[in-house]
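Trainee: Starting off with a structure, shown below.
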Number of protein chains: 4
Amino acid sequence: MPTILGQNQYGKAENRLVRITRDGTTHHIKDLNVSIALSGDMDDVHHCGSNAHVLPTDTTKNTVYAFAKEHGVASAEQFGIHLARHFVTSQETIHRARVRIEEYAWERIPRGGDGREHSFVRSGRERRVCEITYDGGRWQVIAGLTDLTVLNSTDSEFWGYVKDRYTTLKEAYDRILATDVSARWRYRWSADAAPMPDWDAAYARARAEILAAFAGTYSLSLQQTLHRMGTAVIESGDLVDEIRFSLPNNHHFLVDLEPFGLKNDNEVYFAADRPYGLIEATVLREGAEALIPVDLTLV
Amino acid sequence: MPTILGQNQYGKAENRLVRITRDGTTHHIKDLNVSIALSGDMDDVHHCGSNAHVLPTDTTKNTVYAFAKEHGVASAEQFGIHLARHFVTSQETIHRARVRIEEYAWERIPRGGDGREHSFVRSGRERRVCEITYDGGRWQVIAGLTDLTVLNSTDSEFWGYVKDRYTTLKEAYDRILATDVSARWRYRWSADAAPMPDWDAAYARARAEILAAFAGTYSLSLQQTLHRMGTAVIESGDLVDEIRFSLPNNHHFLVDLEPFGLKNDNEVYFAADRPYGLIEATVLREGAEALIPVDLTLV
Amino acid sequence: MPTILGQNQYGKAENRLVRITRDGTTHHIKDLNVSIALSGDMDDVHHCGSNAHVLPTDTTKNTVYAFAKEHGVASAEQFGIHLARHFVTSQETIHRARVRIEEYAWERIPRGGDGREHSFVRSGRERRVCEITYDGGRWQVIAGLTDLTVLNSTDSEFWGYVKDRYTTLKEAYDRILATDVSARWRYRWSADAAPMPDWDAAYARARAEILAAFAGTYSLSLQQTLHRMGTAVIESGDLVDEIRFSLPNNHHFLVDLEPFGLKNDNEVYFAADRPYGLIEATVLREGAEALIPVDLTLV
Amino acid sequence: MPTILGQNQYGKAENRLVRITRDGTTHHIKDLNVSIALSGDMDDVHHCGSNAHVLPTDTTKNTVYAFAKEHGVASAEQFGIHLARHFVTSQETIHRARVRIEEYAWERIPRGGDGREHSFVRSGRERRVCEITYDGGRWQVIAGLTDLTVLNSTDSEFWGYVKDRYTTLKEAYDRILATDVSARWRYRWSADAAPMPDWDAAYARARAEILAAFAGTYSLSLQQTLHRMGTAVIESGDLVDEIRFSLPNNHHFLVDLEPFGLKNDNEVYFAADRPYGLIEATVLREGAEALIPVDLTLV
């Protein structure tokens with residue numbers, strides 16, 4: 001046979017789990033989208049359809065819901081660690097598990113103080129994500145966010161660039177800078193022996209550093225802003241070793257109002273959809289390995 | 001010719017406008033998606049392609065951007081009123097204008113107190129909308145929101161319903177109630193002579209009433225909750241005469257954990273995508289006309 | 001009580017039904033998305049949450065699947081007629097039923113002639129839709145399609161339009177005309193007594209007429225093309241009394257290549273997303289009533 | 001400084017290009033979405049915002065449109081090769097270029113034989129993609145497709161799998177097998193010296209092999225079907241060395257009609273959205289390197 005089987009994985013994707021915890025009349029909610037990917041000794045199922053080594057994807061789904069009851073959902077990261085460990089340690093044929101979780105934020109709807117706290121409204125536009133990978137020995141814990149939309153209405157320039165035959169862009173000394181931040185960062189934690197960080201606090205800190213760096217950087221290019229955001233996250237503690245960003249440059253074009261006898265003094269913009277600049281880069285703590293996939297985006 | 005031309009309209013849809021207002025180093029942002037629809041004396045363009053009565057859609061787009069400079073954007077509603085009045089009063093062949101605007105919310109990114117306030121992060125998940133219609137005589141101002149996602153983790157029941165041959169549903173005495181609120185309400189304002197309300201305050205009040213009624217209703221059916229929300233908005237003042245809701249019943253199914261020897265005490269839910277219940281209704285102030293289209297949704 | 005309940009409806013939306021019919025080793029597939037909306041004597045459920053008149057949306061879902069077995073799915077229209085009749089005639093409190101169905105097309109994957117015909121690939125980009133409404137007396141059968149994307153690379157002009165202070169558009173004597181056709185047409189059939197047309201053939205004929213009219217019209221405006229398409233459908237037989245279109249003008253802008261010393265002789269275009277022109281109109285058979293909602297689109 | 005810059009790239013994404021070629025009154029259309037990603041000597045722009053090495057993303061956009069005129073678009077692959085070579089060879093600071101192209105299919109609208117062939121309708125549901133990478137020495141040409149939706153209504157089983165504490169799935173001996181095929185395959189061509197294959201023919205052959213293998217495989221697991229599809233593509237010639245699939249298992253659940261006294265003999269199915277199984281694997285020609293990223297999907 002002239003072909004061989006390469007890397008492969010399987011599992012149930014997008015298990016939508018809502019976990020309610022009832023603390024008297026005060027309820028808590030966790031709203032997750034959990035995707036499982038398993039790999040291991042899977043040659044037979046590909047070659048001849050024998051499922052003797054295959055834990056069904058339906059079972060991985062059931063496990064998500066059962067674990068939500070048995071272990072609770074202290075955080076998405078901790079829940080993912082429970083799941084990944086389970087699949088690898090309980091099934092001889094599973095050598096590696098990857099658990100991706102997308103988390104949706106809710107905040108309480110204010111009530112009149114009757115102490116009955118069970119009403120929620122979805123909040124935030126970005127989606128919090130994490131990805132837990134375990135191979136029986138080492139852990140990889142990646143967290144991140146997708147589509148945190150930010151905009152500076154000034155303090156952004158773009159000039160001094162290469163000009164070739166196809167360059168028509170005019171230099172800009174005061175422009176809008178806007179992007180939908182997608183970021184993935186890798187935590188240093190990698191062994192069961194190590195104490196587990198406060199994952200929610202770590203996420204909140206990274207998100208806050210990203211926002212502060214975006215707002216606080218006088219930007220000469222989106223790459224510079226990206227680098228400041230990454231450095232800020234890494235320097236804010238010793239927990240993050242690597243961070244990767246994918247930043248669309250959401251163009252806001254100043255509308256030419258001169259035909260109407262009007263002057264557009266950086267006031268009226270057309271927000272374009274496509275095309276958009278796309279800036280991607282990894283920032284690493286010195287000495288750290290680059291492990292986050294280089295491509296957050298696909299056509 | 002055996003056919004006749006019925007109702008028709010045309011214009012430029014989805015003009016993406018960002019308007020920055022600079023108040024020293026404090027900037028303000030309005031982020032709108034503006035759609036124009038004009039109708040009038042348009043038989044010729046349909047019958048023989050004569051554009052002699054047609055103001056180009058490109059011109060309606062230019063007008064959006066020019067008016068953002070000339071008039072500013074005090075609120076989406078006021079901006080829409082300026083535009084609708086302009087098209088009807090400036091063009092003899094245009095007899096009716098409808099301006100729909102979708103507005104995106106931003107909040108400031110907190111800074112260190114340097115007084116430079118020009119950094120923003122998109123906030124909120126719902127989209128605020130308004131629709132202004134003017135026919136040269138009367139105004140119709142509709143406002144609303146789309147996809148305000150809310151959830152009560154208790155205080156919802158569903159029982160006592162009709163049972164026929166195809167009914168298998170078990171009665172529920174404690175269930176999750178969740179929906180994405182889409183609502184459109186009609187303001188009483190209908191003539192240039194009347195003083196213009198504070199549109200932003202009116203929107204905020206309606207949104208707050210909807211949230212409070214959702215949270216505060218012990219629900220025996222989503223229809224009941226809908227009716228309470230509508231009544232709350234109308235009774236909160238004398239500005240809203242009519243409100244229409246389209247409420248998907250976002251089903252959360254209790255996962256059966258008994259096969260795993262576990263008891264699911266209203267803790268672990270599967271959040272389903274489709275199908276979903278869909279509850280739609282109009283609530284009117286006594287004596288008011290029903291003018292909001294009865295169908296907010298399409299297949 | 002200062003509010004009254006206006007028009008209302010409820011039901012289960014987006015029931016995804018796949019119906020396989022096995023004719024020996026030749027299988028047939030119908031792939032539908034069925035949405036039910038019922039209205040009737042529903043004051044109590046809104047006012048006090050009594051469900052005594054409410055057939056659960058879950059039951060309407062069950063009915064869709066049971067009817068697919070009991071009656072088969074000869075066509076989406078006929079299936080919808082069965083369902084609508086059932087809800088109105090079997091439940092005293094239901095006075096009106098509307099069934100919307102979206103249908104997805106599949107074609108066979110060619111095989112080596114072994115006579116085993118059970119492999120399919122999704123085809124076509126447009127979605128076929130129908131909407132059946134029944135109030136116990138009269139029927140309304142609307143059919144249509146969404147997102148049939150078409151393009152003429154020539155034979156389109158746009159000039160001779162109104163010019164005002166905000167007009168900058170240059171007249172065009174050879175442009176691309178492109179749109180995503182959304183159309184809804186109403187069949188004359190309105191009573192159980194009348195023989196039922198061949199709904200699939202009627203759909204195929206309307207779609208073919210739309211394509212032929214789009215291709216065959218030398219266009220001076222998209223409105224003219226719309227009118228020709230509508231007239232063609234109505235004149236092609238005596239089955240369609242009314243047709244309504246919603247046509248985005250998918251702008252293709254000629255790219256200015258002069259800065260690069262190149263001439264763009266109607267060869268290189270930028271296909272824009274937003275904004276887009278939006279042209280909507282109804283064409284009626286002389287003497288027919290206009291019953292299709294005037295607004296196919298929402299912000 | 002405790003951080004270092006890792007892998008990075010930038011460029012203009014999603015340039016929507018429509019290229020019309022006029023051959024008398026017969027027109028041809030190419031409809032592409034082109035995304036450029038460049039990397040090279042880019043430390044300065046990240047560290048201090050100096051753009052001295054940066055060819056603006058706006059220029060990469062202009063180049064796409066200018067090249068469409070200068071070189072035409074014989075195929076997406078060839079167009080991408082022109083672009084990638086240009087960026088790497090014309091800019092000293094650019095060391096690597098990746099061009100991703102998504103292509104949309106159109107077919108002619110039949111006309112009455114007047115010889116005027118300029119009317120098109122979008123066809124096909126899958127999107128054809130390619131990705132060209134060039135580092136000044138070697139080429140990597142990947143092609144593929146996204147969302148080719150296929151279904152077998154029989155000849156699929158699933159049984160003999162691992163059962164653990166969380167397994168409840170019943171074995172299936174006759175089920176629907178349905179998926180949206182996403183595939184990426186890598187061509188052997190890697191040097192300017194080699195003759196360039198007929199890229200369109202190569203795509204058509206791979207697509208046909210995938211369809212035939214899906215239809216012709218009696219499937220005991222989706223993994224087995226995947227492997228057959230991959231093997232078929234590789235064995236169909238000597239052009240493809242590696243192919244990777246991402247296959248959602250689009251679950252179709254047999255509806256339980258027994259409560260209604262009906263027997264469901266594999267006729268009536270509920271088509272589920274989420275969760276879905278997700279099966280991913282690479283198939284390689286013996287001796288070939290695995291170069292296609294292992295993860296086609298992201299949360």
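In the structure tokens, chains take letters A, B, ... by order of appearance, with residues numbered from 1 within each chain and ligands from 1 in the order shown.
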Pair the Cα atoms of chain D and chain B in order, fit the first onto the second, and let me know the RMSD in Å.
Mentor: 0.0 Å
Trainee: Could you tell me, as a PDB file with N, CA and C atoms, in the first residue's frame, which residues of region 19-59 of chain D DSSP assigns to helix (DSSP H, G or I) when given the backbone?
Mentor:
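The resulting file, states.pdb, is shown below:
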ATOM      1  N   ASP D  43      11.861  42.918  12.702  1.00  0.00           N
ATOM      2  CA  ASP D  43      12.044  43.213  14.118  1.00  0.00           C
ATOM      3  C   ASP D  43      11.729  44.672  14.458  1.00  0.00           C
ATOM      4  N   ASP D  44      12.221  45.576  13.627  1.00  0.00           N
ATOM      5  CA  ASP D  44      12.096  46.999  13.969  1.00  0.00           C
ATOM      6  C   ASP D  44      10.645  47.464  14.089  1.00  0.00           C
ATOM      7  N   VAL D  45       9.822  47.026  13.161  1.00  0.00           N
ATOM      8  CA  VAL D  45       8.440  47.512  13.195  1.00  0.00           C
ATOM      9  C   VAL D  45       7.736  47.050  14.464  1.00  0.00           C
ATOM     10  N   HIS D  46       8.117  45.878  14.962  1.00  0.00           N
ATOM     11  CA  HIS D  46       7.515  45.412  16.205  1.00  0.00           C
ATOM     12  C   HIS D  46       8.111  46.137  17.413  1.00  0.00           C
ATOM     13  N   HIS D  47       9.402  46.364  17.367  1.00  0.00           N
ATOM     14  CA  HIS D  47      10.046  46.918  18.569  1.00  0.00           C
ATOM     15  C   HIS D  47       9.853  48.420  18.710  1.00  0.00           C
ATOM     16  N   THR D  57       0.374  46.979   3.652  1.00  0.00           N
ATOM     17  CA  THR D  57      -0.645  46.004   3.241  1.00  0.00           C
ATOM     18  C   THR D  57      -1.477  46.589   2.100  1.00  0.00           C
ATOM     19  N   ASP D  58      -1.628  47.898   2.093  1.00  0.00           N
ATOM     20  CA  ASP D  58      -2.354  48.527   0.990  1.00  0.00           C
ATOM     21  C   ASP D  58      -1.660  48.262  -0.343  1.00  0.00           C
ATOM     22  N   THR D  59      -0.338  48.244  -0.322  1.00  0.00           N
ATOM     23  CA  THR D  59       0.405  47.949  -1.555  1.00  0.00           C
ATOM     24  C   THR D  59       0.201  46.497  -1.972  1.00  0.00           C
TER      25      THR D  59
END
Trainee: Find the spatial neighbours of region 218-231 of chain B, counting only C-alpha atoms, within a cut-off of 7 Å - ignore same-chain residues fewer than 4 positions away - and output them as an NGL selection string.
Mentor: (:B and (155-158 or 209-210 or 213-214 or 235 or 243 or 279 or 283)) or (:C and (3 or 45-49))
Trainee: Select residues of chain C: the criterion is any atom within 10 Å of an atom of chain A, counting only C-alpha atoms; output as number ranges by chain.
Mentor: C: 165-168, 257, 259-261, 270-275
Trainee: Please produce a file of the residues just selected, as a PDB file, in the first residue's frame, where the atoms kept are C-alpha atoms.
Mentor:
ATOM      1  CA  ARG C 165     -25.788  68.543  -4.096  1.00  0.00           C
ATOM      2  CA  TYR C 166     -24.605  65.161  -2.802  1.00  0.00           C
ATOM      3  CA  THR C 167     -24.311  63.372  -6.132  1.00  0.00           C
ATOM      4  CA  THR C 168     -20.803  62.368  -7.205  1.00  0.00           C
ATOM      5  CA  LEU C 257      -4.975  50.866 -12.428  1.00  0.00           C
ATOM      6  CA  PRO C 259      -1.259  54.743 -11.073  1.00  0.00           C
ATOM      7  CA  PHE C 260       0.480  51.554 -12.201  1.00  0.00           C
ATOM      8  CA  GLY C 261       0.513  52.531 -15.870  1.00  0.00           C
ATOM      9  CA  PHE C 270     -13.239  44.972  -6.610  1.00  0.00           C
ATOM     10  CA  ALA C 271     -16.330  43.150  -5.321  1.00  0.00           C
ATOM     11  CA  ALA C 272     -17.651  45.223  -2.403  1.00  0.00           C
ATOM     12  CA  ASP C 273     -19.563  43.906   0.608  1.00  0.00           C
ATOM     13  CA  ARG C 274     -21.191  46.977   2.085  1.00  0.00           C
ATOM     14  CA  PRO C 275     -22.912  49.278   1.494  1.00  0.00           C
TER      15      PRO C 275
END
Trainee: Neighbours of region 86-98 of chain A within 7 Å (only C-alpha atoms; same-chain residues fewer than 2 positions away dropped), as a list in words?
Mentor: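 Returned residues: Ile36, Ala37, Leu38, Ser39, Gly40, Asp41, His53, His82, Leu83, Ala84, Arg100, Glu131, Ile132, Thr133, Tyr134, Asp135 and Gly136 of chain A.
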Trainee: Could you turn the residues from that selection into a file that holds N, CA and C atoms, as a PDB file, in the first residue's frame?
Mentor:
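Writing the result to out33.pdb gives the following:
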ATOM      1  N   ILE A  36     -13.737  17.985  22.255  1.00  0.00           N
ATOM      2  CA  ILE A  36     -12.772  16.956  22.642  1.00  0.00           C
ATOM      3  C   ILE A  36     -12.083  16.421  21.395  1.00  0.00           C
ATOM      4  N   ALA A  37     -10.759  16.275  21.444  1.00  0.00           N
ATOM      5  CA  ALA A  37     -10.023  15.630  20.347  1.00  0.00           C
ATOM      6  C   ALA A  37      -9.034  14.644  20.951  1.00  0.00           C
ATOM      7  N   LEU A  38      -9.180  13.387  20.554  1.00  0.00           N
ATOM      8  CA  LEU A  38      -8.351  12.320  21.101  1.00  0.00           C
ATOM      9  C   LEU A  38      -7.479  11.728  19.998  1.00  0.00           C
ATOM     10  N   SER A  39      -6.268  11.309  20.381  1.00  0.00           N
ATOM     11  CA  SER A  39      -5.473  10.549  19.414  1.00  0.00           C
ATOM     12  C   SER A  39      -4.738   9.438  20.142  1.00  0.00           C
ATOM     13  N   GLY A  40      -4.289   8.467  19.377  1.00  0.00           N
ATOM     14  CA  GLY A  40      -3.609   7.323  19.996  1.00  0.00           C
ATOM     15  C   GLY A  40      -3.402   6.212  18.983  1.00  0.00           C
ATOM     16  N   ASP A  41      -3.723   5.034  19.414  1.00  0.00           N
ATOM     17  CA  ASP A  41      -3.451   3.836  18.612  1.00  0.00           C
ATOM     18  C   ASP A  41      -4.660   3.580  17.698  1.00  0.00           C
ATOM     19  N   HIS A  53     -10.540   0.033  19.211  1.00  0.00           N
ATOM     20  CA  HIS A  53      -9.763   0.986  20.018  1.00  0.00           C
ATOM     21  C   HIS A  53     -10.473   2.329  20.175  1.00  0.00           C
ATOM     22  N   HIS A  82      -9.416  18.110  34.073  1.00  0.00           N
ATOM     23  CA  HIS A  82     -10.079  16.879  34.520  1.00  0.00           C
ATOM     24  C   HIS A  82     -10.400  15.969  33.330  1.00  0.00           C
ATOM     25  N   LEU A  83     -10.967  16.565  32.305  1.00  0.00           N
ATOM     26  CA  LEU A  83     -11.393  15.766  31.160  1.00  0.00           C
ATOM     27  C   LEU A  83     -10.194  15.155  30.429  1.00  0.00           C
ATOM     28  N   ALA A  84      -9.182  15.970  30.171  1.00  0.00           N
ATOM     29  CA  ALA A  84      -8.024  15.469  29.412  1.00  0.00           C
ATOM     30  C   ALA A  84      -7.333  14.342  30.174  1.00  0.00           C
ATOM     31  N   ARG A 100     -10.744  21.713  24.022  1.00  0.00           N
ATOM     32  CA  ARG A 100     -10.901  23.153  23.767  1.00  0.00           C
ATOM     33  C   ARG A 100     -12.230  23.602  24.331  1.00  0.00           C
ATOM     34  N   GLU A 131      -7.442  25.899  25.847  1.00  0.00           N
ATOM     35  CA  GLU A 131      -7.116  24.635  25.183  1.00  0.00           C
ATOM     36  C   GLU A 131      -6.145  23.882  26.073  1.00  0.00           C
ATOM     37  N   ILE A 132      -6.582  22.709  26.503  1.00  0.00           N
ATOM     38  CA  ILE A 132      -5.785  21.881  27.411  1.00  0.00           C
ATOM     39  C   ILE A 132      -5.311  20.667  26.635  1.00  0.00           C
ATOM     40  N   THR A 133      -4.022  20.401  26.642  1.00  0.00           N
ATOM     41  CA  THR A 133      -3.497  19.214  25.967  1.00  0.00           C
ATOM     42  C   THR A 133      -2.675  18.399  26.958  1.00  0.00           C
ATOM     43  N   TYR A 134      -2.880  17.082  26.907  1.00  0.00           N
ATOM     44  CA  TYR A 134      -2.185  16.191  27.844  1.00  0.00           C
ATOM     45  C   TYR A 134      -1.809  14.928  27.101  1.00  0.00           C
ATOM     46  N   ASP A 135      -0.588  14.501  27.281  1.00  0.00           N
ATOM     47  CA  ASP A 135      -0.123  13.294  26.582  1.00  0.00           C
ATOM     48  C   ASP A 135       0.294  12.207  27.570  1.00  0.00           C
ATOM     49  N   GLY A 136      -0.155  12.336  28.800  1.00  0.00           N
ATOM     50  CA  GLY A 136       0.201  11.356  29.807  1.00  0.00           C
ATOM     51  C   GLY A 136       1.408  11.791  30.625  1.00  0.00           C
TER      52      GLY A 136
END
